[in-house]
Each structure stands twice: as C-alpha cells, then as structure tokens.
file coords.txt (compact mmCIF, C-alpha atoms)
# COMPACT_ATOMS: atom_id res chain seq x y z
CA TYR A 911 10.45 24.73 -6.06
CA SER A 912 10.97 21.60 -8.16
CA LEU A 913 7.45 20.32 -7.47
CA GLU A 914 5.87 23.65 -8.36
CA ARG A 915 7.97 23.83 -11.52
CA ASP A 916 6.58 20.42 -12.42
CA GLY A 917 3.03 21.74 -12.13
CA TYR A 918 2.05 20.81 -8.58
CA GLU A 919 0.45 23.12 -6.04
CA VAL A 920 2.46 22.74 -2.84
CA LEU A 921 1.47 23.37 0.78
CA THR A 922 4.13 23.17 3.49
CA ALA A 923 4.22 22.51 7.23
CA ALA A 924 7.16 23.14 9.56
CA ASP A 925 6.36 20.52 12.22
CA GLY A 926 4.21 17.49 12.89
CA LEU A 927 1.26 19.28 14.48
CA ASP A 928 1.15 21.81 11.67
CA ALA A 929 1.26 18.95 9.18
CA LEU A 930 -1.85 17.43 10.72
CA LYS A 931 -3.67 20.77 10.59
CA VAL A 932 -2.77 21.37 6.95
CA ALA A 933 -3.67 17.83 5.90
CA ARG A 934 -7.04 17.97 7.66
CA SER A 935 -8.01 21.42 6.42
CA GLN A 936 -6.67 21.31 2.84
CA ARG A 937 -7.15 17.61 2.00
CA PRO A 938 -4.17 17.27 -0.38
CA ASP A 939 -3.97 14.66 -3.16
CA LEU A 940 -0.66 13.36 -1.76
CA ILE A 941 1.42 13.89 1.38
CA LEU A 942 5.22 14.04 1.23
CA LEU A 943 6.16 13.41 4.85
CA ASP A 944 9.59 13.70 6.43
CA VAL A 945 10.28 11.27 9.28
CA MET A 946 12.39 13.79 11.21
CA LEU A 947 9.93 16.51 12.18
CA PRO A 948 10.11 18.66 15.32
CA GLY A 949 7.50 18.06 18.00
CA MET A 950 5.59 15.11 16.55
CA ASP A 951 7.69 12.99 14.18
CA GLY A 952 6.57 11.84 10.75
CA ILE A 953 5.88 8.27 11.86
CA GLU A 954 3.28 9.46 14.38
CA VAL A 955 1.79 11.91 11.87
CA CYS A 956 1.46 9.07 9.36
CA ARG A 957 -0.17 6.79 11.92
CA ILE A 958 -2.78 9.41 12.80
CA LEU A 959 -3.52 10.42 9.22
CA ARG A 960 -3.90 6.85 8.06
CA GLN A 961 -6.72 6.39 10.57
CA GLU A 962 -8.51 9.36 9.02
CA THR A 963 -7.79 9.22 5.29
CA ASP A 964 -6.57 7.01 2.43
CA VAL A 965 -4.53 9.81 0.84
CA PRO A 966 -1.20 8.50 -0.58
CA ILE A 967 1.68 9.11 1.84
CA LEU A 968 5.30 9.14 0.68
CA MET A 969 7.83 9.11 3.53
CA LEU A 970 11.23 10.80 3.41
CA THR A 971 13.98 9.64 5.74
CA ALA A 972 17.64 10.50 6.18
CA ARG A 973 18.18 7.29 8.10
CA ALA A 974 18.98 4.20 6.06
CA GLU A 975 18.20 1.60 8.71
CA GLU A 976 15.66 -0.95 7.53
CA VAL A 977 13.65 -0.63 10.76
CA ASP A 978 12.79 3.00 9.96
CA ARG A 979 11.45 2.09 6.53
CA VAL A 980 9.52 -0.89 7.86
CA VAL A 981 7.93 1.11 10.68
CA GLY A 982 6.83 3.73 8.17
CA LEU A 983 5.14 1.09 6.02
CA GLU A 984 3.53 -0.58 9.02
CA VAL A 985 1.84 2.63 10.14
CA GLY A 986 0.38 3.16 6.70
CA ALA A 987 2.86 4.87 4.37
CA ASP A 988 2.49 3.87 0.72
CA ASP A 989 6.14 4.34 -0.21
CA TYR A 990 9.40 5.80 1.09
CA VAL A 991 12.52 7.52 -0.24
CA THR A 992 15.84 7.54 1.60
CA LYS A 993 17.95 10.69 1.49
CA PRO A 994 19.93 11.64 -0.47
CA PHE A 995 17.73 11.12 -3.52
CA GLY A 996 17.46 12.62 -6.99
CA MET A 997 14.55 14.87 -7.89
CA ARG A 998 13.75 12.68 -10.91
CA GLU A 999 13.30 9.69 -8.61
CA LEU A 1000 11.09 11.66 -6.22
CA LEU A 1001 8.91 12.96 -9.06
CA ALA A 1002 8.59 9.45 -10.48
CA ARG A 1003 7.42 8.10 -7.10
CA ILE A 1004 4.90 10.93 -6.76
CA ARG A 1005 3.50 10.37 -10.25
CA ALA A 1006 3.19 6.63 -9.63
CA LEU A 1007 1.29 7.14 -6.35
CA LEU A 1008 -1.05 9.72 -7.86
CA ARG A 1009 -1.66 7.52 -10.91
CA ARG A 1010 -2.61 4.56 -8.75
CA ALA A 1011 -4.89 6.75 -6.62
CA ARG A 1012 -6.69 7.95 -9.76
CA MET A 1013 -7.07 4.40 -11.04
CA GLN A 1014 -8.56 3.28 -7.74
CA SER A 1015 -11.07 6.13 -7.73
CA GLN A 1016 -12.14 5.48 -11.33
CA ALA A 1017 -12.60 1.73 -11.12
CA SER A 1018 -14.05 -0.78 -8.69
CA GLY A 1019 -10.74 -2.61 -8.47
CA PRO A 1020 -7.07 -2.17 -9.42
CA ALA A 1021 -5.92 -2.83 -12.98
CA LEU A 1022 -4.21 -6.14 -12.30
CA GLU A 1023 -3.78 -9.12 -14.54
CA ASP A 1024 -5.91 -12.11 -13.61
CA ALA A 1025 -5.04 -15.78 -13.62
CA THR A 1026 -8.08 -16.67 -15.77
CA ALA A 1027 -10.72 -14.81 -17.73
CA ASP A 1028 -13.45 -16.49 -15.67
CA VAL A 1029 -12.16 -14.94 -12.45
CA ALA A 1030 -12.20 -11.48 -14.01
CA ARG A 1031 -15.94 -11.73 -14.71
CA HIS A 1032 -16.81 -12.31 -11.06
CA ARG A 1033 -17.63 -9.27 -8.95
CA LYS A 1034 -17.08 -11.21 -5.73
CA LEU A 1035 -14.42 -13.75 -4.86
CA VAL A 1036 -15.55 -16.19 -2.17
CA PHE A 1037 -13.20 -18.51 -0.30
CA GLY A 1038 -15.23 -20.18 2.42
CA GLU A 1039 -15.78 -17.58 5.14
CA LEU A 1040 -13.64 -15.00 3.32
CA THR A 1041 -15.29 -12.79 0.69
CA ILE A 1042 -13.64 -10.14 -1.46
CA ASP A 1043 -16.31 -7.77 -2.79
CA ILE A 1044 -14.69 -6.23 -5.88
CA ASP A 1045 -17.48 -3.78 -6.62
CA ARG A 1046 -17.36 -2.32 -3.11
CA ARG A 1047 -13.62 -2.80 -2.51
CA GLU A 1048 -14.46 -4.58 0.74
CA VAL A 1049 -13.24 -7.75 2.42
CA LEU A 1050 -15.57 -9.71 4.69
CA LEU A 1051 -14.64 -12.47 7.11
CA ARG A 1052 -17.59 -14.43 8.49
CA GLY A 1053 -19.80 -11.56 7.36
CA GLU A 1054 -17.80 -8.91 9.24
CA ARG A 1055 -16.13 -6.14 7.24
CA LEU A 1056 -12.37 -5.99 7.71
CA SER A 1057 -10.42 -2.74 7.85
CA LEU A 1058 -7.72 -3.11 5.21
CA ARG A 1059 -5.53 -0.30 3.98
CA PRO A 1060 -5.85 0.40 0.24
CA LYS A 1061 -2.58 -1.29 -0.63
CA GLU A 1062 -3.41 -4.30 1.55
CA TYR A 1063 -6.66 -4.69 -0.39
CA ASP A 1064 -4.86 -4.42 -3.74
CA LEU A 1065 -2.33 -7.03 -2.68
CA LEU A 1066 -4.94 -9.43 -1.32
CA LEU A 1067 -7.01 -9.12 -4.50
CA PHE A 1068 -3.99 -9.81 -6.69
CA LEU A 1069 -3.07 -12.88 -4.64
CA ALA A 1070 -6.67 -14.13 -4.63
CA ARG A 1071 -7.11 -13.68 -8.38
CA ASN A 1072 -4.05 -15.86 -8.84
CA ARG A 1073 -5.09 -18.53 -6.33
CA GLY A 1074 -2.74 -21.51 -6.19
CA ILE A 1075 0.01 -19.77 -8.19
CA VAL A 1076 3.36 -18.97 -6.60
CA LEU A 1077 3.96 -15.24 -7.05
CA THR A 1078 7.45 -13.86 -6.61
CA ARG A 1079 8.03 -10.73 -4.59
CA ASP A 1080 9.37 -8.97 -7.69
CA LEU A 1081 6.22 -9.80 -9.65
CA ILE A 1082 4.04 -8.58 -6.79
CA LEU A 1083 5.98 -5.31 -6.66
CA GLU A 1084 5.54 -4.93 -10.42
CA ARG A 1085 1.81 -5.64 -10.48
CA VAL A 1086 0.63 -4.10 -7.20
CA TRP A 1087 3.16 -1.30 -6.63
CA ASP A 1088 3.52 -0.35 -10.32
CA TRP A 1089 6.19 -1.52 -12.74
CA ASN A 1090 8.65 1.30 -11.95
CA TYR A 1091 8.47 0.90 -8.17
CA SER A 1092 12.03 0.72 -6.83
CA GLY A 1093 11.43 -0.18 -3.20
CA ASP A 1094 12.78 -3.44 -1.80
CA SER A 1095 10.87 -6.68 -1.37
CA ARG A 1096 10.54 -6.07 2.38
CA THR A 1097 7.57 -3.89 1.43
CA VAL A 1098 5.69 -7.00 0.28
CA ASP A 1099 6.51 -8.91 3.47
CA VAL A 1100 5.25 -6.07 5.67
CA HIS A 1101 1.94 -5.87 3.83
CA VAL A 1102 1.46 -9.64 3.79
CA ARG A 1103 1.98 -9.68 7.54
CA GLY A 1104 -0.64 -6.97 7.94
CA ILE A 1105 -3.15 -8.92 5.84
CA ARG A 1106 -2.49 -12.14 7.73
CA GLU A 1107 -3.26 -10.43 11.02
CA LYS A 1108 -6.72 -9.65 9.67
CA ILE A 1109 -7.72 -12.74 7.66
CA GLU A 1110 -5.90 -15.61 9.38
CA ASP A 1111 -7.24 -17.36 12.48
CA ASP A 1112 -3.62 -17.78 13.60
CA PRO A 1113 -1.27 -15.35 11.80
CA SER A 1114 1.74 -17.32 13.06
CA ASP A 1115 0.41 -20.40 11.24
CA PRO A 1116 -1.20 -18.97 8.09
CA GLN A 1117 -3.53 -21.14 6.04
CA ARG A 1118 -4.72 -18.66 3.42
CA ILE A 1119 -1.52 -16.87 2.36
CA LEU A 1120 1.42 -19.28 2.37
CA THR A 1121 5.08 -18.34 2.19
CA VAL A 1122 7.16 -20.09 -0.46
CA ARG A 1123 10.61 -19.78 1.06
CA GLY A 1124 13.08 -17.87 -1.04
CA VAL A 1125 10.48 -17.11 -3.73
CA GLY A 1126 7.32 -15.35 -2.61
CA TYR A 1127 3.73 -16.18 -1.68
CA ARG A 1128 0.84 -18.41 -2.72
CA PHE A 1129 -2.81 -17.76 -1.90
CA GLU A 1130 -4.84 -20.86 -1.00
CA GLY A 1131 -8.11 -19.20 -0.01

call {"tool": "encode", "arguments": {"input": "coords.txt", "output": "structure tokens"}}
result
Amino acid sequence: YSLERDGYEVLTAADGLDALKVARSQRPDLILLDVMLPGMDGIEVCRILRQETDVPILMLTARAEEVDRVVGLEVGADDYVTKPFGMRELLARIRALLRRARMQSQASGPALEDATADVARHRKLVFGELTIDIDRREVLLRGERLSLRPKEYDLLLFLARNRGIVLTRDLILERVWDWNYSGDSRTVDVHVRGIREKIEDDPSDPQRILTVRGVGYRFEG
C-alpha cells in the first residue's frame, strides 16, 4: 500500500518459487525480498536471481544477526533492511537503489570522484595484467573477462581511480553506496573479499587491494 501510494507499481509473491516466476516473467526494476519465505528462502532466491540478472535486490530480514546480513550480501543482494523499520527508511533505500541503477544504465561508469583529472580522461585503466575497461564496464585479468557483480565493479573502479590513496570504509560507503546509505561497514569488507577472490592470485595474501588496519583499503594495482 505504501509503495503504491508513493507511485510504484507493485507485484507480489507468496513464496520463493513464486518469486522466481514473477521476477523472470515480469522483469521488475527492483526486487524487495524477504529472507523468511516458505519453501525456498530469500537467500536462495537471491542467489539464483543474481546469476540471471543485475536487477537491484533489497533484502528484508527479521533476524538481526550479522551472519544473515553478510550471507545476503555475499549471494548478491545490493542492500538490506532489518525489521522493524520505518517506511521512510525503506522508501529512501529503494529510491537510492533505483537512482544508482539509472545512473549505471545512462553512463559507461558510475559517477564517482576521481583522484586526478588525468585518470578521468582514460577509458581504460591498466595495472599490469589487470585491465578495467570503463566504456564496456568490464574487468579483464590476463585477457580473460572476470564476472563481477555491478557493485563489485563500482567498488573496484573507485579504488583503482584513487590508486595509492587510503580510503576509509565510511568514504567508500558514501561514494559507492550513495551518500545516504545507512548500512554498516561490513558491507565494504564483504565486497572487497569478493573482488579479491577474482583479481588476486592469492586472496589470503592480497597484493592489489591492501587492508589498512582500522581505517580502510588502498589499491596498489
């Protein structure tokens, strides 16, 4: 009711299997997905959908344990809200996700601030065997295209554009997840881990994305 009153067209599904059917047939602009669904839970629905589409997924959970939020992010959710929540907060999260999706579809790369003007003029960033193709929104390692989720790409590009600069988790949340994002910094850690698994020769001993303990991350290329 609140979403429709705010101008959105809403489709509903009563269980996980129905959610998959609706998402596949109707191709919504955003999916609001409850973790606790009968039959197939929301985590599994999210995992399957993320293999098929880049549609923004906002998870809802009544459980406050960190592991539930982290698992949701690891299987591809873009954001999460823990119950109970206010409708104003939910609407703000939805608007932010839809706004970012529109920006990504209208431009070759996310609207992020760069470390230098020279970097912004390049359409490809090359760091040895790692190439970030800004025009195509692709990442290549030794010539092989990597499968990064949209938010992983945005985060990697932001880090790469600011090579050698220590970026705090709060700044990363502000620039990559939008200024009004109210998730915790664990979101950044989960996505960095996902990127490392794809671009590092040994993710347990990263050489490209370094952790600055107690502060954030620094990209070395």

call {"tool": "closest_residue", "arguments": {"input": "coords.txt", "among": "A:Leu1067, A:Ile953, A:Ala1011, A:Val985", "to": "Glu1048 (chain A)", "atoms": "all atoms listed in the file"}}
result
A:Leu1067

call {"tool": "atom_distance", "arguments": {"input": "coords.txt", "atom1": "CA of Thr992 (chain A)", "atom2": "CA of Met969 (chain A)"}}
result
8.4 Å

call {"tool": "residues_around", "arguments": {"input": "coords.txt", "residues": "region 1058-1061 of chain A", "least_positions_apart": "4", "cutoff": "9 Å", "atoms": "only C-alpha atoms", "output": "MDAnalysis selection string"}}
result
chainID A and resid 960 964 986 988 1014 1047:1049 1065:1066 1086:1087 1101 1104:1105 1108

call {"tool": "closest_residue", "arguments": {"input": "coords.txt", "among": "A:Ile1044, A:Val980, A:Leu1083, A:Ala929", "to": "Val1098 (chain A)", "atoms": "all atoms listed in the file"}}
result
A:Leu1083

call {"tool": "residues_around", "arguments": {"input": "coords.txt", "residues": "Phe1129 (chain A)", "least_positions_apart": "6", "cutoff": "9 Å", "atoms": "all atoms listed in the file", "output": "list in words"}}
result
Leu1066, Leu1069, Ala1070, Arg1071, Asn1072, Arg1073, Gly1074, Ile1075, Val1076, Leu1077, Gln1117, Arg1118, Ile1119, Leu1120 and Thr1121 of chain A

call {"tool": "residues_around", "arguments": {"input": "coords.txt", "residues": "Ala972 (chain A)", "least_positions_apart": "2", "cutoff": "9 Å", "atoms": "only C-alpha atoms", "output": "ChimeraX atom specification"}}
result
/A:944-946,970,974,991-994

call {"tool": "closest_residue", "arguments": {"input": "coords.txt", "among": "A:Glu1062, A:Asp916, A:Asp925, A:Glu984", "to": "Ile1082 (chain A)", "atoms": "all atoms listed in the file"}}
result
A:Glu1062

call {"tool": "closest_residue", "arguments": {"input": "coords.txt", "among": "A:Ser1095, A:Glu914, A:Lys1034, A:Thr1041", "to": "Leu1056 (chain A)", "atoms": "only C-alpha atoms"}}
result
A:Thr1041

call {"tool": "closest_residue", "arguments": {"input": "coords.txt", "among": "A:Arg1128, A:Arg1096, A:Leu913, A:Gly1053", "to": "Phe1068 (chain A)", "atoms": "all atoms listed in the file"}}
result
A:Arg1128

call {"tool": "atom_distance", "arguments": {"input": "coords.txt", "atom1": "CA of Pro938 (chain A)", "atom2": "CA of Val965 (chain A)"}}
result
7.6 Å

call {"tool": "closest_residue", "arguments": {"input": "coords.txt", "among": "A:Arg1005, A:Arg1106, A:Arg915, A:Arg1046", "to": "Pro966 (chain A)", "atoms": "all atoms listed in the file"}}
result
A:Arg1005

call {"tool": "residues_around", "arguments": {"input": "coords.txt", "residues": "Leu983 (chain A)", "least_positions_apart": "6", "cutoff": "8 Å", "atoms": "only C-alpha atoms", "output": "short mmCIF file (atom, residue, chain, number, x, y, z; two decimals) with C-alpha atoms, keeping the file's coordinate frame"}}
result
data_model
loop_
_atom_site.label_atom_id
_atom_site.label_comp_id
_atom_site.auth_asym_id
_atom_site.auth_seq_id
_atom_site.Cartn_x
_atom_site.Cartn_y
_atom_site.Cartn_z
CA ASP A 989 6.14 4.34 -0.21
CA THR A 1097 7.57 -3.89 1.43
CA VAL A 1100 5.25 -6.07 5.67
CA HIS A 1101 1.94 -5.87 3.83
#

call {"tool": "closest_atom_pairs", "arguments": {"input": "coords.txt", "of": "region 927-1013 of chain A", "to": "region 918-923 of chain A", "cutoff": "12 Å", "atoms": "only C-alpha atoms", "output": "JSON lines"}}
result
{"residue": "A:Leu927", "atom": "CA", "partner": "A:Ala923", "partner_atom": "CA", "distance": 8.5}
{"residue": "A:Asp928", "atom": "CA", "partner": "A:Ala923", "partner_atom": "CA", "distance": 5.4}
{"residue": "A:Ala929", "atom": "CA", "partner": "A:Ala923", "partner_atom": "CA", "distance": 5.0}
{"residue": "A:Leu930", "atom": "CA", "partner": "A:Ala923", "partner_atom": "CA", "distance": 8.7}
{"residue": "A:Lys931", "atom": "CA", "partner": "A:Ala923", "partner_atom": "CA", "distance": 8.8}
{"residue": "A:Val932", "atom": "CA", "partner": "A:Ala923", "partner_atom": "CA", "distance": 7.1}
{"residue": "A:Ala933", "atom": "CA", "partner": "A:Leu921", "partner_atom": "CA", "distance": 9.1}
{"residue": "A:Ser935", "atom": "CA", "partner": "A:Leu921", "partner_atom": "CA", "distance": 11.2}
{"residue": "A:Gln936", "atom": "CA", "partner": "A:Leu921", "partner_atom": "CA", "distance": 8.6}
{"residue": "A:Arg937", "atom": "CA", "partner": "A:Leu921", "partner_atom": "CA", "distance": 10.4}
{"residue": "A:Pro938", "atom": "CA", "partner": "A:Leu921", "partner_atom": "CA", "distance": 8.4}
{"residue": "A:Asp939", "atom": "CA", "partner": "A:Glu919", "partner_atom": "CA", "distance": 10.0}
{"residue": "A:Leu940", "atom": "CA", "partner": "A:Val920", "partner_atom": "CA", "distance": 9.9}
{"residue": "A:Ile941", "atom": "CA", "partner": "A:Leu921", "partner_atom": "CA", "distance": 9.5}
{"residue": "A:Leu942", "atom": "CA", "partner": "A:Thr922", "partner_atom": "CA", "distance": 9.5}
{"residue": "A:Leu943", "atom": "CA", "partner": "A:Ala923", "partner_atom": "CA", "distance": 9.6}
{"residue": "A:Asp944", "atom": "CA", "partner": "A:Ala923", "partner_atom": "CA", "distance": 10.3}
{"residue": "A:Leu947", "atom": "CA", "partner": "A:Ala923", "partner_atom": "CA", "distance": 9.6}
{"residue": "A:Pro948", "atom": "CA", "partner": "A:Ala923", "partner_atom": "CA", "distance": 10.7}
{"residue": "A:Met950", "atom": "CA", "partner": "A:Ala923", "partner_atom": "CA", "distance": 12.0}
{"residue": "A:Gly952", "atom": "CA", "partner": "A:Ala923", "partner_atom": "CA", "distance": 11.5}
{"residue": "A:Val955", "atom": "CA", "partner": "A:Ala923", "partner_atom": "CA", "distance": 11.8}
{"residue": "A:Leu1001", "atom": "CA", "partner": "A:Tyr918", "partner_atom": "CA", "distance": 10.4}
{"residue": "A:Ile1004", "atom": "CA", "partner": "A:Tyr918", "partner_atom": "CA", "distance": 10.4}
{"residue": "A:Arg1005", "atom": "CA", "partner": "A:Tyr918", "partner_atom": "CA", "distance": 10.7}
{"residue": "A:Leu1008", "atom": "CA", "partner": "A:Tyr918", "partner_atom": "CA", "distance": 11.5}
